[in-house]
Number of protein chains: 2
Amino acid sequence: MSVADITLALMSATVINIISMDMSRWEPNARDRLARAALDLYAERGFEQTTVAEIAKRAGLTERTFFRHFADKREVLFSGGVELQETMVGGVLGAHASAAPIDAVAAGLVAGAATLQERRGFAFKRAGVIAASAELQERELIKLATLASALSDALRQRGVGEPTASLTAQAGIAVFHVAFARWVDEGNELELPALIRDSLDELRAVTAGAT
Amino acid sequence: MSVADITLALMSATVINIISMDMSRWEPNARDRLARAALDLYAERGFEQTTVAEIAKRAGLTERTFFRHFADKREVLFSGGVELQETMVGGVLGAHASAAPIDAVAAGLVAGAATLQERRGFAFKRAGVIAASAELQERELIKLATLASALSDALRQRGVGEPTASLTAQAGIAVFHVAFARWVDEGNELELPALIRDSLDELRAVTAGAT
């Protein structure tokens with residue numbers, strides 16, 4: 001290979017890079033468009049029955065673009081869990097130093113709930129898709145268990161010992177689980193942060209032995 | 001086929017039946033022997049690495065006998081869950097009519113815990129096998145979710161409304177989860193029914209806002 005060949009090769013590579021950068025400028029909000037197209041198709045045809053090719057087509061994008069944003073079909077539904085977890089952990093860690101463990105967890109849950117409330121259209125449709133698939137329900141349970149671990153870690157960072165940290169985190173997830181189910185069942189009637197607070201009050205009453 | 005042929009065929013079938021009955025007499029406690037052999041192998045080599053052929057050999061039985069008792073390798077670890085669930089549901093339904101929902105759930109959890117305590121050798125070894133496999137941990141989470149649903153149904157049968165029934169059941173499972181982890185971690189030091197009661201007291205303190 002001569003120096004000229006190498007120069008040509010480098011120039012071609014540069015042109016290719018410029019072309020791909022340029023193409024990506026033609027795909028504004030590609031991730032959002034793909035996520036919305038995927039969710040619509042999962043709701044219409046079922047998660048199992050939808051292919052990545054169909055999702056890309058509905059979004060007016062290519063399969064390659066899909067795989068630049070998501071590892072697979074399932075990740076469209078679960079990638080938001082990372083952000084939700086970070087928000088909740090941030091809420092626990094950011095609670096006042098004098099807050100009781102349950103109040104720190106409540107702050108985390110309410111912070112996470114507020115972000116879900118903002119995206120309630122997506123969240124409701126997503127919940128319907130998950131309810132229709134045993135595989136996705138299992139994945140959701142695993143996500144909740146991971147969330148419980150993360151909240152428990154955050155409490156330990158606040159100096160809460162065991163088993164208090166685990167128990168408070170698990171109880172918090174129980175509150176979240178029940179509040180979330182009510183939120184989805186009752187449509188737009190009630191806001192998730194308020195339902196979280198209600199469920200926590202209910203948990204207090206229940207554990208105190210109310211009938 | 002003549003009448004004699006039919007008679008002969010029926011006699012053969014009878015002889016075959018007698019032989020199989022006789023062979024099964026040579027396999028006392030086949031199910032228990034298979035379960036113990038399987039658990040030992042899972043603990044020694046890992047769940048994924050163990051084959052049904054190896055389990056049968058270790059138990060001194062055939063693969064065919066294994067499949068008469070278990071659908072697959074995983075069922076050895078999870079078939080006991082049905083009995084545990086029945087015991088817990090029985091405990092909830094059998095609690096005094098005046099018992100608060102949380103006390104009815106506690107009665108169910110303690111009844112289930114007592115049966116696990118009796119088989120603690122198996123339960124501890126099983127917990128170690130499950131902790132070593134992501135797939136089995138997922139299955140265990142699903143089992144706990146199913147248990148929560150069953151406890152919630154039992155509460156509704158007692159006339160408890162929603163969301164109290166779901167919340168109490170989920171909180172009960174949180175208590176069970178944490179108590180079970182302590183039981184396994186601390187070896188033979190503490191009994192599971194007592195740990196369940198401790199965790200429930202802790203949950204009461206936590207939700208009341210103890211720090």
# chains A, B, ... in the order shown; residues from 1 in each chain; ligands from 1
>>> interface_residues(of="chain A", to="chain B", cutoff="8 Å", atoms="only C-alpha atoms", output="ChimeraX atom specification")
/A:99-103,138,141-142,145,163-164,166-168,170-171,174-175,178,182,199,202-204,206-211
>>> residues_around(residues="segment 30-41 of chain B", least_positions_apart="4", cutoff="10 Å", atoms="only C-alpha atoms", output="ChimeraX atom specification")
/B:24-26,45-47,49-52,54-63,65-66,68-70,73-77,122,125-126,128-129
>>> select_by_dssp(residues="segment 125-187 of chain A", states="helix (DSSP H, G or I)", output="MDAnalysis selection string")
chainID A and resid 125:131 134:157 164:185
>>> closest_residue(among="A:Leu84, A:Ala131, A:Leu116, A:Val110", to="Ala150 of chain A", atoms="only C-alpha atoms")
A:Leu84
>>> atom_distance(atom1="atom CA of Thr146 of chain A", atom2="atom CA of Glu86 of chain A")
11.7 Å
>>> closest_residue(among="B:Arg119, B:Phe180, B:Ala43, B:Ser152", to="Asp198 of chain B", atoms="only C-alpha atoms")
B:Phe180
>>> residues_around(residues="Thr87 of chain B", least_positions_apart="5", cutoff="8 Å", atoms="only C-alpha atoms", output="list in words")
Gly108, Ala111 and Gly112 of chain B
>>> closest_residue(among="A:Leu93, A:Ala194, A:Ala113, A:Ile130", to="Arg156 of chain A", atoms="only C-alpha atoms")
A:Leu93
>>> atom_distance(atom1="atom CA of Leu151 of chain A", atom2="atom CA of Val105 of chain A")
7.1 Å
